[in-house]
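In what follows, a single structure is set out as structure tokens and then discussed.
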There are 2 protein chains.
Amino acid sequence: MYTIKLLRTTLSRPSLGATILRQPKLPLHPRFTSSFSTSNYRAMLTTELSEADVSALRVNQERLAKDLHHSCQWGSGIRWGDDPTDTGMQRLALSEEDKSVRDWFIQTMKDLKCEITVDEMGNIFAVRPGRRKDVPATFIGSHLDTQPTGGRYDGILGVLSGVEALKRLDELGLETEGESEYEEGARFPVSMIASGVWAECIPLSKAHNLKEVPTVASLPTAASAPETMKSALEKINYLGDVPCSYKTTPMAAHFELHIEQGPHLISAGQRVGVVTAVQAYRWFRLKIIGRDTHTGTTAFEHRADALYAFAQMMVRAREVAAAKGCLASVGIIEVAPGSVNTVPGQVSFSLDIRGPETALVAEVEKELRGDFDKIAAAEGAGIGKPCRVEWTLDFDSPAVKFHEDCIECVQQSAHAVVADAPVADTTTLVRPIMSGAGHDSVFTSKRVPTSMIFVPCKDGLSHHPEEFCSADDCATGASVILQAVVRYDRKRFA
Amino acid sequence: MYTIKLLRTTLSRPSLGATILRQPKLPLHPRFTSSFSTSNYRAMLTTELSEADVSALRVNQERLAKDLHHSCQWGSGIRWGDDPTDTGMQRLALSEEDKSVRDWFIQTMKDLKCEITVDEMGNIFAVRPGRRKDVPATFIGSHLDTQPTGGRYDGILGVLSGVEALKRLDELGLETEGESEYEEGARFPVSMIASGVWAECIPLSKAHNLKEVPTVASLPTAASAPETMKSALEKINYLGDVPCSYKTTPMAAHFELHIEQGPHLISAGQRVGVVTAVQAYRWFRLKIIGRDTHTGTTAFEHRADALYAFAQMMVRAREVAAAKGCLASVGIIEVAPGSVNTVPGQVSFSLDIRGPETALVAEVEKELRGDFDKIAAAEGAGIGKPCRVEWTLDFDSPAVKFHEDCIECVQQSAHAVVADAPVADTTTLVRPIMSGAGHDSVFTSKRVPTSMIFVPCKDGLSHHPEEFCSADDCATGASVILQAVVRYDRKRFA
């Protein structure tokens, strides 16, 4: 999170670029699929490549895997297997571990001759100087922070694929300028906050004042008072002075590689998902107010048991969501006063409603508001002191359709990368897919052409220590994003 | 909690006592209903009183109320009204506030010429020296600690009624030797632990090693690592060296005054409950193990959502318990990993099952074990990784029948105290009642004759800041316990 790696292919305007391209000072290297030094060749431009050259572009699978696991030394989590890399991750946003991996990222980018800027949300932009500064860059971005009990691929693969793509372009002699990444909401109760501020969808002050979720036992700072995002940024020295805005740091386009976090690719034996859209979702905080009473002396009909009301609500939420092809989930719950022999008078919980269309999510919300009121009214009715329920909307992310140009680049690249797979019809290995999860790309898509690439993960599992994506699948995804960025550049300046 | 006030009427053996009684050195005071100095009268023995004298015994209502609210300055909780005493209490076992009220209690008892001992569970015994040391004392006991969001009467009234009874006996010239109190399980996951150790129903080592419940946000030490009872006792300097056992500190009988904590007395307009029995209960800790997954990308049929399983279990628990005339309650719940967009893979919760008969509680448990297994097995079946549920029994308290002799003393005293009420038939103001809550008397009843007295509380509410018992009702209860102790003494030595 918050780090931004910026990948800028360096063609200037088409007319100018075309002129330069036809006067090479050094011979072009004949192939792009092996590693070599660029010192004897001039830098090459994407429009000089043939379609076959582009389709032959691949990342270095071994180096990608090595870098990825190297970066996971900061915040290694629960062990689940014997291999040194068989652990989960616990690298919460703005933690000490997060600082360490940010420091590593910046050093790595500096070694690749990138210029680093950090904005006031802690986004890191690593820009490799190119021939021209007057066109916006193409970005590859994701996040380096993880869930409290997360894995090694969610977000991390997206950033490391950018690092690897940049390394590969570098050794191939294609000029680049950087890459990017943001964060997601594991520690703070709004997801993708830094990209939201960049898109000017979330005010900076709101983001800075956001307090970390205080109830999660596994949070490193759960023991102390909840910290604001601004103070957490200051503490790890990542409160930059560059304004966080798409106006200050414009992008030409944004690409993001991510594990699917669902079972579709893995169960169909497919290799690449071309992400065309992201489902809508809303995050709520709900509070049920009942009455504390003694568990041993209070008959059921005399109770206003906030936890019993919650239990009924959660059961109902699944029924309603399922009937509309949506999802409804509770991830956090807090109960007061929290004593074995006291009926809880107060319950707070998170509610995450998702669906393929914004309107469907709104329908589920509406129906649940009515149903929850009824459930609350019934619990405690016998004593004339019914429970009541209060809703607070924390986050609203309407459904997103990604940009056709970006989708097309990803689709062509995906088919090119899987073309050498040993199956009769490799086109079956690629499918269009809708993202169930929110990603930083949701926010970038509001300002610039955006799309995403999914690769399979074991059992469709994520937000779990055993989250796993094979080195082969990681490299496939990284090769697709490498090609997609090149293709997008060719499309812009052809 | 843990303080023990020991009320010992000082008649020696009947034969001896009879001799002494007939040779008064000072004239007996003619009446026992007004306050006066004892200095001009000899100490009087209970067997010298007439039935009418005993029935005329009353505590000082104003002094009782004053002392009670004075003692509530340590750990005052949530304010709910305008009167200075309109607050709840938050005085958790072995907290700093608990230490303060213990110190006050000891000083108060010393001023009444009591000898103080503290046992290795922190029980305080305040014994007022009497003529003879060779007979066990009659006890009045309860607890001074409260729930995290408790009130001013649960336990506290029981102790303060003992203080007041002792003051009243003192000024009436009836020799006494002490009084008693224990604790209940607000901070530690076993209730009435100190009386349990005294009764040798709970091993001392188990009690000492018991860890405080770590999940309750309102606990003063929730931020730090859970503390053991022994270290908490040491910290407040109440780890005594007297063995905690009914053998070391024997009792002749045990009486306890308590608010009803239920709606029966208050809704029937009755004044005193003669407690004949305590319902059975069992406390469990349950753990549901599912699988952490992403809320946005995991279809319901692919989830092993431990919290959804919990919600179904809680709904089912009420159905099963209600069908058997029992209660089932959840007071504590903890969810991991605790992130808005992660389906919880693990849930821990407390389950408190109660019923009028031990066998009924066992039946509810058995049925729930089966049902919970089925619920767990269904959640996650779609991915071949069903949830599973584990039970741990924390506390088992079979149903208790109190002692006939004690019940009789309480019943006679109750009728005597309400006799001057302005109603046609005062016998309707007293009723036999079963206690829904556990009390220290459950443990004392295993070793010595025991019974309890209930007085009404507003709305039947307890374990809540607004828990309330009028000064009049408090005094009625205290007068009943005063008479009951005197009557029990007369019964022993008549």
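For the structure tokens, the naming scheme is as follows: chains receive sequential letters (A, B, ...) according to their order of presentation, residues are indexed from 1 within each chain, and ligands are indexed from 1 in presentation order.
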Taking the DSSP assignment computed from this structure's backbone, write out as a ChimeraX atom specification all residues of region 430-475 of chain A that belong to strand (DSSP E or B). /A:430-435,450-455
Requested write-out: N, CA, C and O atoms of the selected residues, as a PDB file, in the first residue's frame:
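Output saved as out03.pdb:
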ATOM      1  N   VAL A 430      -8.035 -18.501 -21.420  1.00  0.00           N
ATOM      2  CA  VAL A 430      -8.257 -17.094 -21.058  1.00  0.00           C
ATOM      3  C   VAL A 430      -9.760 -16.850 -20.978  1.00  0.00           C
ATOM      4  O   VAL A 430     -10.504 -17.350 -21.826  1.00  0.00           O
ATOM      5  N   ARG A 431     -10.221 -16.129 -19.954  1.00  0.00           N
ATOM      6  CA  ARG A 431     -11.652 -15.820 -19.894  1.00  0.00           C
ATOM      7  C   ARG A 431     -11.869 -14.404 -19.379  1.00  0.00           C
ATOM      8  O   ARG A 431     -11.100 -13.907 -18.551  1.00  0.00           O
ATOM      9  N   PRO A 432     -12.938 -13.771 -19.863  1.00  0.00           N
ATOM     10  CA  PRO A 432     -13.303 -12.493 -19.239  1.00  0.00           C
ATOM     11  C   PRO A 432     -13.874 -12.795 -17.856  1.00  0.00           C
ATOM     12  O   PRO A 432     -14.484 -13.852 -17.642  1.00  0.00           O
ATOM     13  N   ILE A 433     -13.685 -11.886 -16.917  1.00  0.00           N
ATOM     14  CA  ILE A 433     -14.117 -12.167 -15.547  1.00  0.00           C
ATOM     15  C   ILE A 433     -14.469 -10.847 -14.853  1.00  0.00           C
ATOM     16  O   ILE A 433     -13.944  -9.782 -15.206  1.00  0.00           O
ATOM     17  N   MET A 434     -15.394 -10.960 -13.882  1.00  0.00           N
ATOM     18  CA  MET A 434     -15.745  -9.786 -13.073  1.00  0.00           C
ATOM     19  C   MET A 434     -15.031  -9.932 -11.723  1.00  0.00           C
ATOM     20  O   MET A 434     -14.979 -11.030 -11.179  1.00  0.00           O
ATOM     21  N   SER A 435     -14.505  -8.851 -11.217  1.00  0.00           N
ATOM     22  CA  SER A 435     -13.834  -8.932  -9.919  1.00  0.00           C
ATOM     23  C   SER A 435     -14.847  -8.825  -8.783  1.00  0.00           C
ATOM     24  O   SER A 435     -15.669  -7.908  -8.762  1.00  0.00           O
ATOM     25  N   THR A 450      -8.347   2.025 -17.325  1.00  0.00           N
ATOM     26  CA  THR A 450      -7.833   1.051 -16.358  1.00  0.00           C
ATOM     27  C   THR A 450      -8.333  -0.328 -16.727  1.00  0.00           C
ATOM     28  O   THR A 450      -9.419  -0.465 -17.285  1.00  0.00           O
ATOM     29  N   SER A 451      -7.514  -1.342 -16.464  1.00  0.00           N
ATOM     30  CA  SER A 451      -8.067  -2.701 -16.391  1.00  0.00           C
ATOM     31  C   SER A 451      -7.158  -3.574 -15.553  1.00  0.00           C
ATOM     32  O   SER A 451      -6.109  -3.122 -15.086  1.00  0.00           O
ATOM     33  N   MET A 452      -7.575  -4.811 -15.359  1.00  0.00           N
ATOM     34  CA  MET A 452      -6.847  -5.714 -14.464  1.00  0.00           C
ATOM     35  C   MET A 452      -6.670  -7.090 -15.096  1.00  0.00           C
ATOM     36  O   MET A 452      -7.362  -7.460 -16.038  1.00  0.00           O
ATOM     37  N   ILE A 453      -5.748  -7.809 -14.513  1.00  0.00           N
ATOM     38  CA  ILE A 453      -5.442  -9.178 -14.925  1.00  0.00           C
ATOM     39  C   ILE A 453      -5.547 -10.062 -13.694  1.00  0.00           C
ATOM     40  O   ILE A 453      -4.981  -9.721 -12.651  1.00  0.00           O
ATOM     41  N   PHE A 454      -6.246 -11.181 -13.814  1.00  0.00           N
ATOM     42  CA  PHE A 454      -6.305 -12.149 -12.710  1.00  0.00           C
ATOM     43  C   PHE A 454      -5.543 -13.407 -13.075  1.00  0.00           C
ATOM     44  O   PHE A 454      -5.575 -13.844 -14.226  1.00  0.00           O
ATOM     45  N   VAL A 455      -4.874 -13.957 -12.088  1.00  0.00           N
ATOM     46  CA  VAL A 455      -4.286 -15.290 -12.241  1.00  0.00           C
ATOM     47  C   VAL A 455      -4.868 -16.186 -11.154  1.00  0.00           C
ATOM     48  O   VAL A 455      -5.342 -15.697 -10.123  1.00  0.00           O
TER      49      VAL A 455
END
Could you tell me which residues of chain B sit within 7 Å of chain A when counting only C-alpha atoms, and give me the result as a PyMOL selection string? chain B and resi 148-149+186+216+218+223-224+261-262+292-298+308+311-312+314-315+329-333+335+337-344+350+352+354+436-437+461-464
Suppose we keep C-alpha atoms; can you now write the selection as a compact mmCIF listing (two decimals), in the first residue's frame?
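Output below, filename result.txt:
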# COMPACT_ATOMS: atom_id res chain seq x y z
CA PRO B 148 -18.08 -4.61 33.96
CA THR B 149 -21.29 -2.57 33.64
CA ALA B 186 -17.18 -11.06 36.14
CA VAL B 216 -13.87 -7.66 27.35
CA SER B 218 -14.19 -2.56 29.29
CA ALA B 223 -4.95 -3.93 26.93
CA SER B 224 -2.29 -5.97 28.66
CA GLN B 261 -32.24 -10.09 39.56
CA GLY B 262 -35.54 -11.15 38.02
CA ASP B 292 -10.69 -17.25 6.39
CA THR B 293 -11.63 -16.17 2.88
CA HIS B 294 -12.36 -12.98 0.98
CA THR B 295 -15.87 -11.60 1.49
CA GLY B 296 -16.11 -10.26 -2.05
CA THR B 297 -14.92 -13.24 -4.05
CA THR B 298 -16.18 -16.24 -2.13
CA TYR B 308 -22.40 -17.61 10.16
CA ALA B 311 -25.34 -17.17 14.26
CA GLN B 312 -27.28 -20.33 13.42
CA MET B 314 -27.25 -19.09 18.80
CA VAL B 315 -30.70 -19.09 17.19
CA SER B 329 -27.14 -17.39 26.64
CA VAL B 330 -24.02 -16.11 24.92
CA GLY B 331 -22.27 -13.24 26.71
CA ILE B 332 -18.81 -13.23 25.11
CA ILE B 333 -17.82 -13.66 21.48
CA VAL B 335 -13.90 -13.38 16.04
CA PRO B 337 -9.06 -12.45 12.05
CA GLY B 338 -11.45 -9.49 12.44
CA SER B 339 -11.36 -7.64 9.13
CA VAL B 340 -14.31 -6.11 7.25
CA ASN B 341 -13.54 -7.98 4.06
CA THR B 342 -12.48 -11.34 5.44
CA VAL B 343 -14.94 -14.12 6.25
CA PRO B 344 -14.01 -15.10 9.82
CA SER B 350 -19.26 -18.47 25.92
CA ASP B 352 -24.36 -20.43 29.66
CA ARG B 354 -29.42 -23.02 33.01
CA GLY B 436 -31.88 -18.28 38.62
CA ALA B 437 -28.43 -16.92 39.34
CA LEU B 461 -32.95 -5.71 36.02
CA SER B 462 -29.41 -6.50 37.14
CA HIS B 463 -25.92 -6.68 35.61
CA HIS B 464 -26.82 -3.23 34.33
Contacts of His403 (chain A) at 12 Å or less, counting only C-alpha atoms, minus same-chain residues fewer than 6 places along, as a list in words? Ala253, His254, Phe255, Val274, Val275, Thr276, Ala277, Val278, Cys409, Val410, Ser441, Val442, Thr444, Ser445, Lys446, Arg447, Val448, Pro449, Thr450, Ser451, Met452 and Tyr488 of chain A
Would you export the selected residues with N, CA and C atoms as a PDB file, in the first residue's frame, please?
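File written: part22.pdb
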ATOM      1  N   ALA A 253      -2.722   5.601 -17.998  1.00  0.00           N
ATOM      2  CA  ALA A 253      -3.564   4.419 -17.808  1.00  0.00           C
ATOM      3  C   ALA A 253      -3.052   3.686 -16.580  1.00  0.00           C
ATOM      4  N   HIS A 254      -3.861   2.749 -16.091  1.00  0.00           N
ATOM      5  CA  HIS A 254      -3.456   1.980 -14.921  1.00  0.00           C
ATOM      6  C   HIS A 254      -3.771   0.507 -15.142  1.00  0.00           C
ATOM      7  N   PHE A 255      -2.745  -0.326 -14.932  1.00  0.00           N
ATOM      8  CA  PHE A 255      -2.918  -1.780 -15.030  1.00  0.00           C
ATOM      9  C   PHE A 255      -2.578  -2.414 -13.694  1.00  0.00           C
ATOM     10  N   VAL A 274      -9.289 -11.910 -17.805  1.00  0.00           N
ATOM     11  CA  VAL A 274      -9.261 -10.537 -18.300  1.00  0.00           C
ATOM     12  C   VAL A 274     -10.397  -9.809 -17.585  1.00  0.00           C
ATOM     13  N   VAL A 275     -10.033  -8.956 -16.646  1.00  0.00           N
ATOM     14  CA  VAL A 275     -11.049  -8.375 -15.766  1.00  0.00           C
ATOM     15  C   VAL A 275     -11.752  -7.226 -16.482  1.00  0.00           C
ATOM     16  N   THR A 276     -13.050  -7.374 -16.663  1.00  0.00           N
ATOM     17  CA  THR A 276     -13.821  -6.378 -17.415  1.00  0.00           C
ATOM     18  C   THR A 276     -14.582  -5.435 -16.490  1.00  0.00           C
ATOM     19  N   ALA A 277     -14.792  -5.842 -15.246  1.00  0.00           N
ATOM     20  CA  ALA A 277     -15.642  -5.054 -14.355  1.00  0.00           C
ATOM     21  C   ALA A 277     -15.365  -5.436 -12.897  1.00  0.00           C
ATOM     22  N   VAL A 278     -15.822  -4.596 -11.985  1.00  0.00           N
ATOM     23  CA  VAL A 278     -15.715  -4.898 -10.547  1.00  0.00           C
ATOM     24  C   VAL A 278     -17.111  -4.760  -9.957  1.00  0.00           C
ATOM     25  N   CYS A 409      -5.973  -4.560 -24.651  1.00  0.00           N
ATOM     26  CA  CYS A 409      -4.523  -4.819 -24.493  1.00  0.00           C
ATOM     27  C   CYS A 409      -4.277  -6.059 -23.631  1.00  0.00           C
ATOM     28  N   VAL A 410      -5.035  -6.166 -22.544  1.00  0.00           N
ATOM     29  CA  VAL A 410      -4.856  -7.305 -21.636  1.00  0.00           C
ATOM     30  C   VAL A 410      -5.246  -8.597 -22.348  1.00  0.00           C
ATOM     31  N   SER A 441      -7.572  -0.289  -8.592  1.00  0.00           N
ATOM     32  CA  SER A 441      -8.007   0.028  -9.955  1.00  0.00           C
ATOM     33  C   SER A 441      -9.435   0.582  -9.996  1.00  0.00           C
ATOM     34  N   VAL A 442     -10.242   0.282  -8.966  1.00  0.00           N
ATOM     35  CA  VAL A 442     -11.590   0.855  -8.914  1.00  0.00           C
ATOM     36  C   VAL A 442     -11.490   2.376  -8.905  1.00  0.00           C
ATOM     37  N   THR A 444      -8.668   4.272  -9.721  1.00  0.00           N
ATOM     38  CA  THR A 444      -7.978   4.832 -10.892  1.00  0.00           C
ATOM     39  C   THR A 444      -8.920   4.862 -12.088  1.00  0.00           C
ATOM     40  N   SER A 445      -9.833   3.864 -12.150  1.00  0.00           N
ATOM     41  CA  SER A 445     -10.744   3.802 -13.309  1.00  0.00           C
ATOM     42  C   SER A 445     -11.675   5.000 -13.371  1.00  0.00           C
ATOM     43  N   LYS A 446     -11.827   5.707 -12.255  1.00  0.00           N
ATOM     44  CA  LYS A 446     -12.686   6.893 -12.264  1.00  0.00           C
ATOM     45  C   LYS A 446     -12.002   8.064 -12.961  1.00  0.00           C
ATOM     46  N   ARG A 447     -10.703   8.001 -13.115  1.00  0.00           N
ATOM     47  CA  ARG A 447      -9.949   9.127 -13.690  1.00  0.00           C
ATOM     48  C   ARG A 447      -9.220   8.779 -14.979  1.00  0.00           C
ATOM     49  N   VAL A 448      -8.792   7.519 -15.129  1.00  0.00           N
ATOM     50  CA  VAL A 448      -7.994   7.148 -16.311  1.00  0.00           C
ATOM     51  C   VAL A 448      -8.381   5.751 -16.788  1.00  0.00           C
ATOM     52  N   PRO A 449      -8.094   5.444 -18.063  1.00  0.00           N
ATOM     53  CA  PRO A 449      -8.343   4.089 -18.570  1.00  0.00           C
ATOM     54  C   PRO A 449      -7.623   3.056 -17.700  1.00  0.00           C
ATOM     55  N   THR A 450      -8.347   2.025 -17.325  1.00  0.00           N
ATOM     56  CA  THR A 450      -7.833   1.051 -16.358  1.00  0.00           C
ATOM     57  C   THR A 450      -8.333  -0.328 -16.727  1.00  0.00           C
ATOM     58  N   SER A 451      -7.514  -1.342 -16.464  1.00  0.00           N
ATOM     59  CA  SER A 451      -8.067  -2.701 -16.391  1.00  0.00           C
ATOM     60  C   SER A 451      -7.158  -3.574 -15.553  1.00  0.00           C
ATOM     61  N   MET A 452      -7.575  -4.811 -15.359  1.00  0.00           N
ATOM     62  CA  MET A 452      -6.847  -5.714 -14.464  1.00  0.00           C
ATOM     63  C   MET A 452      -6.670  -7.090 -15.096  1.00  0.00           C
ATOM     64  N   TYR A 488      -0.421  -1.015 -24.830  1.00  0.00           N
ATOM     65  CA  TYR A 488      -1.150   0.231 -24.613  1.00  0.00           C
ATOM     66  C   TYR A 488      -0.342   1.409 -25.144  1.00  0.00           C
TER      67      TYR A 488
END
Write out as a ChimeraX atom specification all residues of region 56-300 of chain A that backbone DSSP assigns to helix (DSSP H, G or I). /A:61-71,96-111,156-172,193-198,204-209,229-235,264-268,300
Taking only C-alpha atoms into account, which of A:Ala232, A:Leu210, A:Cys406, A:Leu157 comes nearest Leu257 (chain A)?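 That would be A:Leu157, the residue with the smallest distance to Leu257 (chain A).
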To one decimal in Å, tell me the separation between CA of Gln483 (chain A) and CA of Ile156 (chain A).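 Value for the CA of Gln483 (chain A)-CA of Ile156 (chain A) distance: 19.5 Å.
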Close residues, Val486 (chain B) itself excluded, 9 Å, only C-alpha atoms, min 2 positions apart in chain, as a ChimeraX atom specification: /B:9,46-47,54,409,481-484,488-491
Write a file of the selected residues as a compact mmCIF listing (two decimals), in the first residue's frame, keeping all heavy atoms.
# COMPACT_ATOMS: atom_id res chain seq x y z
N THR B 9 -23.15 -15.36 66.48
CA THR B 9 -23.86 -15.10 67.74
C THR B 9 -23.15 -15.93 68.80
O THR B 9 -22.72 -17.05 68.55
CB THR B 9 -25.34 -15.49 67.63
OG1 THR B 9 -25.41 -16.85 67.29
CG2 THR B 9 -26.04 -14.64 66.61
N THR B 46 -29.29 -14.30 72.60
CA THR B 46 -30.49 -14.44 71.74
C THR B 46 -31.57 -15.30 72.39
O THR B 46 -32.76 -15.05 72.15
CB THR B 46 -30.11 -15.08 70.39
OG1 THR B 46 -29.54 -16.35 70.64
CG2 THR B 46 -29.14 -14.20 69.62
N THR B 47 -31.16 -16.27 73.16
CA THR B 47 -32.16 -17.15 73.77
C THR B 47 -32.94 -16.46 74.87
O THR B 47 -33.94 -16.99 75.36
CB THR B 47 -31.49 -18.43 74.34
OG1 THR B 47 -30.32 -18.04 75.05
CG2 THR B 47 -31.15 -19.40 73.23
N VAL B 54 -37.71 -10.80 68.94
CA VAL B 54 -37.02 -11.13 67.69
C VAL B 54 -37.76 -10.50 66.51
O VAL B 54 -37.15 -9.88 65.64
CB VAL B 54 -36.92 -12.67 67.50
CG1 VAL B 54 -36.31 -12.99 66.13
CG2 VAL B 54 -36.09 -13.29 68.62
N CYS B 409 -36.01 -20.31 59.17
CA CYS B 409 -35.62 -19.06 59.84
C CYS B 409 -35.91 -17.84 58.96
O CYS B 409 -36.41 -16.82 59.42
CB CYS B 409 -34.14 -19.07 60.19
SG CYS B 409 -33.74 -20.22 61.51
N ILE B 481 -32.51 -10.65 57.32
CA ILE B 481 -31.30 -11.44 57.56
C ILE B 481 -30.85 -11.30 59.02
O ILE B 481 -30.37 -12.26 59.63
CB ILE B 481 -30.17 -11.09 56.56
CG1 ILE B 481 -29.28 -12.31 56.33
CG2 ILE B 481 -29.32 -9.90 57.01
CD1 ILE B 481 -28.38 -12.22 55.12
N LEU B 482 -31.06 -10.12 59.58
CA LEU B 482 -30.74 -9.92 61.00
C LEU B 482 -31.56 -10.88 61.86
O LEU B 482 -31.02 -11.61 62.70
CB LEU B 482 -31.05 -8.46 61.37
CG LEU B 482 -31.06 -8.08 62.85
CD1 LEU B 482 -29.69 -8.31 63.49
CD2 LEU B 482 -31.49 -6.62 63.04
N GLN B 483 -32.86 -10.91 61.63
CA GLN B 483 -33.72 -11.82 62.40
C GLN B 483 -33.39 -13.28 62.13
O GLN B 483 -33.39 -14.12 63.03
CB GLN B 483 -35.19 -11.58 62.07
CG GLN B 483 -35.75 -10.30 62.66
CD GLN B 483 -37.28 -10.24 62.55
OE1 GLN B 483 -37.93 -11.27 62.41
NE2 GLN B 483 -37.83 -9.04 62.64
N ALA B 484 -33.09 -13.59 60.87
CA ALA B 484 -32.84 -14.99 60.50
C ALA B 484 -31.63 -15.52 61.24
O ALA B 484 -31.63 -16.67 61.73
CB ALA B 484 -32.64 -15.10 58.99
N TYR B 488 -31.76 -18.49 63.86
CA TYR B 488 -30.95 -19.70 63.67
C TYR B 488 -30.17 -20.00 64.94
O TYR B 488 -30.03 -21.15 65.36
CB TYR B 488 -30.01 -19.55 62.48
CG TYR B 488 -29.36 -20.86 62.12
CD1 TYR B 488 -30.07 -21.82 61.41
CD2 TYR B 488 -28.06 -21.16 62.53
CE1 TYR B 488 -29.50 -23.05 61.10
CE2 TYR B 488 -27.48 -22.39 62.22
CZ TYR B 488 -28.21 -23.32 61.51
OH TYR B 488 -27.66 -24.55 61.22
N ASP B 489 -29.69 -18.94 65.57
CA ASP B 489 -28.93 -19.10 66.80
C ASP B 489 -29.80 -19.67 67.92
O ASP B 489 -29.38 -20.57 68.66
CB ASP B 489 -28.40 -17.72 67.21
CG ASP B 489 -27.12 -17.86 67.99
OD1 ASP B 489 -26.14 -18.40 67.43
OD2 ASP B 489 -27.10 -17.47 69.17
N ARG B 490 -31.01 -19.16 68.02
CA ARG B 490 -31.94 -19.66 69.04
C ARG B 490 -32.27 -21.13 68.78
O ARG B 490 -32.35 -21.93 69.70
CB ARG B 490 -33.24 -18.84 69.00
CG ARG B 490 -33.09 -17.45 69.61
CD ARG B 490 -34.14 -16.48 69.10
NE ARG B 490 -35.50 -16.87 69.43
CZ ARG B 490 -36.12 -16.58 70.58
NH1 ARG B 490 -35.49 -15.89 71.51
NH2 ARG B 490 -37.37 -16.97 70.79
N LYS B 491 -32.42 -21.48 67.49
CA LYS B 491 -32.71 -22.86 67.12
C LYS B 491 -31.56 -23.79 67.52
O LYS B 491 -31.77 -24.89 68.01
CB LYS B 491 -32.93 -22.91 65.60
CG LYS B 491 -33.63 -24.15 65.08
CD LYS B 491 -33.72 -24.17 63.55
CE LYS B 491 -34.85 -23.34 62.99
NZ LYS B 491 -36.13 -24.09 62.91
Check the smallest atom-to-atom distance from each of B:Pro386, B:Gly196, B:Gly273, B:Gly141 to Gly477 (chain B) using only C-alpha atoms, then report the winner.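 Using only C-alpha atoms, the shortest distance to Gly477 (chain B) belongs to B:Gly273.
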